[in-house]
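Pasting model.cif here (mmCIF, C-alpha atoms and all ligand atoms):
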data_entry
loop_
_atom_site.group_PDB
_atom_site.id
_atom_site.type_symbol
_atom_site.label_atom_id
_atom_site.label_comp_id
_atom_site.auth_asym_id
_atom_site.auth_seq_id
_atom_site.Cartn_x
_atom_site.Cartn_y
_atom_site.Cartn_z
ATOM 1 C CA MET X 1 -9.270 -40.077 8.008
ATOM 2 C CA ARG X 2 -8.722 -37.967 11.118
ATOM 3 C CA LYS X 3 -6.656 -39.938 13.527
ATOM 4 C CA SER X 4 -5.105 -38.466 16.629
ATOM 5 C CA HIS X 5 -1.596 -39.456 15.833
ATOM 6 C CA GLY X 6 0.243 -36.196 16.393
ATOM 7 C CA PRO X 7 3.140 -35.727 18.731
ATOM 8 C CA ALA X 8 2.468 -36.148 22.410
ATOM 9 C CA PHE X 9 2.020 -32.746 23.947
ATOM 10 C CA LYS X 10 2.614 -33.920 27.426
ATOM 11 C CA LYS X 11 6.153 -35.007 28.086
ATOM 12 C CA ALA X 12 6.342 -38.423 29.648
ATOM 13 C CA VAL X 13 7.926 -38.499 33.041
ATOM 14 C CA ILE X 14 10.709 -41.006 33.311
ATOM 15 C CA GLU X 15 11.183 -42.304 36.803
ATOM 16 C CA LEU X 16 14.727 -41.514 37.860
ATOM 17 C CA ALA X 17 16.992 -43.441 40.152
ATOM 18 C CA ARG X 18 20.332 -42.583 41.657
ATOM 19 C CA CYS X 19 23.149 -43.625 39.353
ATOM 20 C CA PRO X 20 24.717 -46.766 40.812
ATOM 21 C CA ALA X 21 28.117 -46.081 39.246
ATOM 22 C CA CYS X 22 28.697 -42.770 41.032
ATOM 23 C CA ARG X 23 25.976 -43.172 43.698
ATOM 24 C CA GLY X 24 24.302 -39.972 42.532
ATOM 25 C CA ARG X 25 27.420 -37.855 42.911
ATOM 26 C CA ALA X 26 27.659 -37.296 39.132
ATOM 27 C CA VAL X 27 31.415 -37.694 39.345
ATOM 28 C CA VAL X 28 33.654 -40.667 39.839
ATOM 29 C CA THR X 29 36.955 -40.462 41.607
ATOM 30 C CA GLY X 30 39.796 -40.545 39.134
ATOM 31 C CA VAL X 31 43.482 -40.858 39.869
ATOM 32 C CA PHE X 32 44.058 -37.144 40.414
ATOM 33 C CA HIS X 33 40.622 -35.588 40.403
ATOM 34 C CA ASP X 34 36.974 -36.389 40.056
ATOM 35 C CA LEU X 35 35.852 -37.267 36.569
ATOM 36 C CA PRO X 36 32.363 -36.822 35.142
ATOM 37 C CA CYS X 37 30.469 -40.072 35.472
ATOM 38 C CA ASN X 38 29.837 -41.679 32.097
ATOM 39 C CA SER X 39 27.027 -43.878 33.312
ATOM 40 C CA CYS X 40 24.679 -40.991 33.960
ATOM 41 C CA ASN X 41 25.992 -38.192 31.720
ATOM 42 C CA ALA X 42 27.377 -36.590 34.872
ATOM 43 C CA SER X 43 23.902 -35.970 36.234
ATOM 44 C CA GLY X 44 23.865 -38.525 39.014
ATOM 45 C CA TRP X 45 20.578 -39.929 37.679
ATOM 46 C CA VAL X 46 19.636 -42.799 35.419
ATOM 47 C CA ALA X 47 16.285 -44.197 34.369
ATOM 48 C CA ALA X 48 14.826 -46.236 37.201
ATOM 49 C CA GLY X 49 14.259 -49.881 36.414
ATOM 50 C CA THR X 50 16.334 -50.060 33.262
ATOM 51 C CA GLY X 51 19.301 -48.156 34.683
ATOM 52 C CA GLU X 52 19.577 -46.591 31.255
ATOM 53 C CA THR X 53 21.622 -43.438 30.680
ATOM 54 C CA LEU X 54 19.378 -40.635 29.486
ATOM 55 C CA ASP X 55 20.696 -38.443 26.743
ATOM 56 C CA LEU X 56 21.380 -34.851 27.691
ATOM 57 C CA ALA X 57 18.298 -33.317 26.086
ATOM 58 C CA GLU X 58 16.023 -35.811 27.809
ATOM 59 C CA LEU X 59 17.944 -35.470 31.024
ATOM 60 C CA VAL X 60 17.476 -31.716 31.210
ATOM 61 C CA THR X 61 13.733 -32.060 30.802
ATOM 62 C CA GLN X 62 13.436 -34.904 33.257
ATOM 63 C CA LEU X 63 15.547 -33.131 35.852
ATOM 64 C CA ASN X 64 13.452 -30.028 35.418
ATOM 65 C CA MET X 65 10.278 -32.002 36.047
ATOM 66 C CA LYS X 66 11.854 -33.562 39.082
ATOM 67 C CA LEU X 67 12.976 -30.175 40.350
ATOM 68 C CA GLN X 68 9.551 -28.653 39.765
ATOM 69 C CA ALA X 69 7.948 -31.465 41.710
ATOM 70 C CA ALA X 70 10.467 -31.058 44.518
ATOM 71 C CA LEU X 71 9.904 -27.307 44.664
ATOM 72 C CA ARG X 72 6.150 -27.825 44.741
ATOM 73 C CA LYS X 73 6.605 -30.203 47.645
ATOM 74 C CA ILE X 74 8.754 -27.677 49.514
ATOM 75 C CA GLU X 75 6.137 -24.983 48.962
ATOM 76 C CA GLN X 76 3.432 -27.297 50.255
ATOM 77 C CA MET X 77 5.476 -28.089 53.336
ATOM 78 C CA LYS X 78 6.068 -24.393 53.931
ATOM 79 C CA ASN X 79 2.391 -23.629 53.685
ATOM 80 C CA ALA X 80 0.942 -26.687 55.363
ATOM 81 C CA PRO X 81 1.868 -26.115 59.037
ATOM 82 C CA ALA X 82 0.358 -22.610 59.136
ATOM 83 C CA PRO X 83 -3.341 -22.924 58.359
ATOM 84 C CA GLY X 84 -4.223 -19.764 60.287
ATOM 85 C CA PRO X 85 -4.021 -18.454 63.854
ATOM 86 C CA GLU X 86 -7.167 -20.183 65.041
ATOM 87 C CA ALA X 87 -6.214 -23.631 63.792
ATOM 88 C CA GLN X 88 -2.725 -23.130 65.151
ATOM 89 C CA TYR X 89 -4.143 -22.308 68.562
ATOM 90 C CA GLN X 90 -6.274 -25.447 68.541
ATOM 91 C CA THR X 91 -3.356 -27.558 67.444
ATOM 92 C CA ASN X 92 -1.293 -26.235 70.300
ATOM 93 C CA ASN X 93 -4.101 -26.961 72.737
ATOM 94 C CA ARG X 94 -4.426 -30.503 71.550
ATOM 95 C CA ARG X 95 -0.703 -31.050 71.830
ATOM 96 C CA GLY X 96 -0.915 -30.021 75.470
ATOM 97 C CA ALA X 97 2.027 -29.607 77.784
ATOM 98 C CA GLY X 98 5.571 -30.205 76.681
ATOM 99 C CA GLY X 99 5.439 -28.481 73.303
ATOM 100 C CA THR X 100 6.250 -24.857 72.757
ATOM 101 C CA ASN X 101 2.983 -23.096 73.394
ATOM 102 C CA TYR X 102 3.443 -20.066 71.233
ATOM 103 C CA THR X 103 0.152 -18.257 70.711
ATOM 104 C CA GLY X 104 1.533 -15.382 68.691
ATOM 105 C CA ASP X 105 0.644 -12.441 70.927
HETATM 106 ZN ZN ZN X 201 26.796 -41.694 37.508
#

Re-express the file's structure as structure tokens.
Ligand SMILES: [Zn+2]
Amino acid sequence: MRKSHGPAFKKAVIELARCPACRGRAVVTGVFHDLPCNSCNASGWVAAGTGETLDLAELVTQLNMKLQAALRKIEQMKNAPAPGPEAQYQTNNRRGAGGTNYTGD
């Protein structure tokens, strides 16, 4: 009688798309000032594909996952171009004339 039916431990990632109503700005221009966009709960994001508004609790989690992924990507980009002095030297050599030939010493 043991079935694995419990709650999902891994939160499903919902693909997000820019809110078409406010174009991702999270606000819409009102008569006097910007108003929070109703179509996306003022987040600027809706579910991709369905265009569905996510409720706030779901939104916070999804935005966090998106932010984490973005931060990971930034970290990777920061680390990627500096694999070590030797590799850097070789890269510069291959690139040849024209580029900044900074050898570090
Ligand atoms: Zn919106």

query = Counting only C-alpha atoms and all ligand atoms, what residues are within 7 Å of ligand ZN 201 (chain X), given as a list in words?
reply =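 Protein and nucleic-acid residues within 7 Å of ligand ZN 201 (chain X): Cys19, Pro20, Ala21, Cys22, Arg23, Gly24, Arg25, Ala26, Val27, Cys37, Asn38, Ser39, Cys40, Asn41, Ala42, Ser43, Gly44 and Trp45 of chain X.
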
What does the distance between atom CA of Gln68 of chain X and atom CA of Thr53 of chain X come to in Å, to one decimal place?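 It comes out at 21.1 Å.
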
Enclosing box along x, y and z for every listed atom of segment 37-49 of chain X, padded 6 Å each side, centre and size in Å, one decimal, as JSON:
{"center_x": 22.4, "center_y": -42.9, "center_z": 35.4, "size_x": 28.2, "size_y": 25.9, "size_z": 19.3}

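Near Lys11 of chain X, within 12 Å and counting only C-alpha atoms, sit X:Glu58, X:Thr61, X:Gln62, X:Asn64, X:Met65; same-chain residues fewer than 5 positions away were not included.
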
Keeping only C-alpha atoms, write the selected residues as a PDB file, keeping the file's coordinate frame.
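To be explicit, this is the file written out as out_38.pdb:
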ATOM      1  CA  GLU X  58      16.023 -35.811  27.809  1.00  0.00           C
ATOM      2  CA  THR X  61      13.733 -32.060  30.802  1.00  0.00           C
ATOM      3  CA  GLN X  62      13.436 -34.904  33.257  1.00  0.00           C
ATOM      4  CA  ASN X  64      13.452 -30.028  35.418  1.00  0.00           C
ATOM      5  CA  MET X  65      10.278 -32.002  36.047  1.00  0.00           C
TER       6      MET X  65
END

- Task: Report the distance between atom CA of Gly51 of chain X and atom CA of Leu16 of chain X in Å, rounded to one decimal place.
- Result: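 A separation of 8.7 Å between them.
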
Next on the checklist: Quick check, in Å to one decimal: how far apart do atom CA of Arg18 of chain X and atom CA of Val46 of chain X lie?
Outcome noted: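 Pair atom CA of Arg18 of chain X / atom CA of Val46 of chain X returns 6.3 Å.
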
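Those residues that approach Glu15 of chain X to within 9 Å, counting only C-alpha atoms, are Val13, Ala17, Val46, Ala47, Ala48, Gly49 and Gln62 of chain X; same-chain residues fewer than 2 positions away are not listed.
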
Because some atoms of segment 20-52 of chain X are absent here, can you restore N, CA and C atoms and send them as a PDB file, in the coordinates of the input?
ATOM      1  N   PRO X  20      23.971 -45.837  39.957  1.00  0.00           N
ATOM      2  CA  PRO X  20      24.717 -46.766  40.812  1.00  0.00           C
ATOM      3  C   PRO X  20      26.238 -46.626  40.654  1.00  0.00           C
ATOM      4  N   ALA X  21      26.675 -46.161  39.492  1.00  0.00           N
ATOM      5  CA  ALA X  21      28.117 -46.081  39.246  1.00  0.00           C
ATOM      6  C   ALA X  21      28.774 -45.007  40.109  1.00  0.00           C
ATOM      7  N   CYS X  22      28.106 -43.863  40.255  1.00  0.00           N
ATOM      8  CA  CYS X  22      28.697 -42.770  41.032  1.00  0.00           C
ATOM      9  C   CYS X  22      27.889 -42.502  42.288  1.00  0.00           C
ATOM     10  N   ARG X  23      26.874 -43.317  42.545  1.00  0.00           N
ATOM     11  CA  ARG X  23      25.976 -43.172  43.698  1.00  0.00           C
ATOM     12  C   ARG X  23      25.348 -41.783  43.754  1.00  0.00           C
ATOM     13  N   GLY X  24      25.013 -41.251  42.579  1.00  0.00           N
ATOM     14  CA  GLY X  24      24.302 -39.972  42.532  1.00  0.00           C
ATOM     15  C   GLY X  24      25.205 -38.762  42.671  1.00  0.00           C
ATOM     16  N   ARG X  25      26.513 -38.991  42.729  1.00  0.00           N
ATOM     17  CA  ARG X  25      27.420 -37.855  42.911  1.00  0.00           C
ATOM     18  C   ARG X  25      27.730 -37.162  41.586  1.00  0.00           C
ATOM     19  N   ALA X  26      27.437 -37.827  40.483  1.00  0.00           N
ATOM     20  CA  ALA X  26      27.659 -37.296  39.132  1.00  0.00           C
ATOM     21  C   ALA X  26      29.128 -37.310  38.721  1.00  0.00           C
ATOM     22  N   VAL X  27      29.995 -37.584  39.678  1.00  0.00           N
ATOM     23  CA  VAL X  27      31.415 -37.694  39.345  1.00  0.00           C
ATOM     24  C   VAL X  27      31.953 -38.995  39.929  1.00  0.00           C
ATOM     25  N   VAL X  28      32.971 -39.504  39.291  1.00  0.00           N
ATOM     26  CA  VAL X  28      33.654 -40.667  39.839  1.00  0.00           C
ATOM     27  C   VAL X  28      35.078 -40.249  40.172  1.00  0.00           C
ATOM     28  N   THR X  29      35.629 -40.856  41.164  1.00  0.00           N
ATOM     29  CA  THR X  29      36.955 -40.462  41.607  1.00  0.00           C
ATOM     30  C   THR X  29      38.009 -41.035  40.661  1.00  0.00           C
ATOM     31  N   GLY X  30      38.718 -40.135  40.023  1.00  0.00           N
ATOM     32  CA  GLY X  30      39.796 -40.545  39.134  1.00  0.00           C
ATOM     33  C   GLY X  30      41.098 -40.621  39.907  1.00  0.00           C
ATOM     34  N   VAL X  31      42.190 -40.733  39.202  1.00  0.00           N
ATOM     35  CA  VAL X  31      43.482 -40.858  39.869  1.00  0.00           C
ATOM     36  C   VAL X  31      43.841 -39.550  40.562  1.00  0.00           C
ATOM     37  N   PHE X  32      43.665 -38.436  39.847  1.00  0.00           N
ATOM     38  CA  PHE X  32      44.058 -37.144  40.414  1.00  0.00           C
ATOM     39  C   PHE X  32      42.871 -36.284  40.816  1.00  0.00           C
ATOM     40  N   HIS X  33      41.815 -36.356  40.037  1.00  0.00           N
ATOM     41  CA  HIS X  33      40.622 -35.588  40.403  1.00  0.00           C
ATOM     42  C   HIS X  33      39.366 -36.341  40.010  1.00  0.00           C
ATOM     43  N   ASP X  34      38.245 -35.781  40.398  1.00  0.00           N
ATOM     44  CA  ASP X  34      36.974 -36.389  40.056  1.00  0.00           C
ATOM     45  C   ASP X  34      36.704 -36.244  38.565  1.00  0.00           C
ATOM     46  N   LEU X  35      36.190 -37.290  37.984  1.00  0.00           N
ATOM     47  CA  LEU X  35      35.852 -37.267  36.569  1.00  0.00           C
ATOM     48  C   LEU X  35      34.346 -37.351  36.416  1.00  0.00           C
ATOM     49  N   PRO X  36      33.813 -36.715  35.360  1.00  0.00           N
ATOM     50  CA  PRO X  36      32.363 -36.822  35.142  1.00  0.00           C
ATOM     51  C   PRO X  36      31.970 -38.284  34.930  1.00  0.00           C
ATOM     52  N   CYS X  37      30.908 -38.683  35.575  1.00  0.00           N
ATOM     53  CA  CYS X  37      30.469 -40.072  35.472  1.00  0.00           C
ATOM     54  C   CYS X  37      29.849 -40.330  34.100  1.00  0.00           C
ATOM     55  N   ASN X  38      30.347 -41.358  33.423  1.00  0.00           N
ATOM     56  CA  ASN X  38      29.837 -41.679  32.097  1.00  0.00           C
ATOM     57  C   ASN X  38      28.494 -42.400  32.142  1.00  0.00           C
ATOM     58  N   SER X  39      28.232 -43.054  33.243  1.00  0.00           N
ATOM     59  CA  SER X  39      27.027 -43.878  33.312  1.00  0.00           C
ATOM     60  C   SER X  39      25.755 -43.062  33.385  1.00  0.00           C
ATOM     61  N   CYS X  40      25.891 -41.796  33.757  1.00  0.00           N
ATOM     62  CA  CYS X  40      24.679 -40.991  33.960  1.00  0.00           C
ATOM     63  C   CYS X  40      24.797 -39.633  33.280  1.00  0.00           C
ATOM     64  N   ASN X  41      25.758 -39.483  32.355  1.00  0.00           N
ATOM     65  CA  ASN X  41      25.992 -38.192  31.720  1.00  0.00           C
ATOM     66  C   ASN X  41      26.304 -37.115  32.757  1.00  0.00           C
ATOM     67  N   ALA X  42      26.975 -37.511  33.804  1.00  0.00           N
ATOM     68  CA  ALA X  42      27.377 -36.590  34.872  1.00  0.00           C
ATOM     69  C   ALA X  42      26.193 -35.881  35.515  1.00  0.00           C
ATOM     70  N   SER X  43      25.076 -36.562  35.584  1.00  0.00           N
ATOM     71  CA  SER X  43      23.902 -35.970  36.234  1.00  0.00           C
ATOM     72  C   SER X  43      23.648 -36.600  37.593  1.00  0.00           C
ATOM     73  N   GLY X  44      24.135 -37.803  37.778  1.00  0.00           N
ATOM     74  CA  GLY X  44      23.865 -38.525  39.014  1.00  0.00           C
ATOM     75  C   GLY X  44      22.562 -39.329  38.953  1.00  0.00           C
ATOM     76  N   TRP X  45      21.866 -39.249  37.804  1.00  0.00           N
ATOM     77  CA  TRP X  45      20.578 -39.929  37.679  1.00  0.00           C
ATOM     78  C   TRP X  45      20.535 -40.801  36.437  1.00  0.00           C
ATOM     79  N   VAL X  46      19.904 -41.930  36.567  1.00  0.00           N
ATOM     80  CA  VAL X  46      19.636 -42.799  35.419  1.00  0.00           C
ATOM     81  C   VAL X  46      18.158 -43.176  35.460  1.00  0.00           C
ATOM     82  N   ALA X  47      17.681 -43.772  34.381  1.00  0.00           N
ATOM     83  CA  ALA X  47      16.285 -44.197  34.369  1.00  0.00           C
ATOM     84  C   ALA X  47      16.098 -45.320  35.375  1.00  0.00           C
ATOM     85  N   ALA X  48      15.090 -45.185  36.219  1.00  0.00           N
ATOM     86  CA  ALA X  48      14.826 -46.236  37.201  1.00  0.00           C
ATOM     87  C   ALA X  48      14.370 -47.493  36.478  1.00  0.00           C
ATOM     88  N   GLY X  49      14.681 -48.627  37.030  1.00  0.00           N
ATOM     89  CA  GLY X  49      14.259 -49.881  36.414  1.00  0.00           C
ATOM     90  C   GLY X  49      15.272 -50.370  35.407  1.00  0.00           C
ATOM     91  N   THR X  50      15.410 -49.621  34.303  1.00  0.00           N
ATOM     92  CA  THR X  50      16.334 -50.060  33.262  1.00  0.00           C
ATOM     93  C   THR X  50      17.773 -49.675  33.596  1.00  0.00           C
ATOM     94  N   GLY X  51      17.958 -48.631  34.382  1.00  0.00           N
ATOM     95  CA  GLY X  51      19.301 -48.156  34.683  1.00  0.00           C
ATOM     96  C   GLY X  51      19.947 -47.494  33.486  1.00  0.00           C
ATOM     97  N   GLU X  52      19.132 -47.150  32.514  1.00  0.00           N
ATOM     98  CA  GLU X  52      19.577 -46.591  31.255  1.00  0.00           C
ATOM     99  C   GLU X  52      20.101 -45.160  31.424  1.00  0.00           C
TER     100      GLU X  52
END
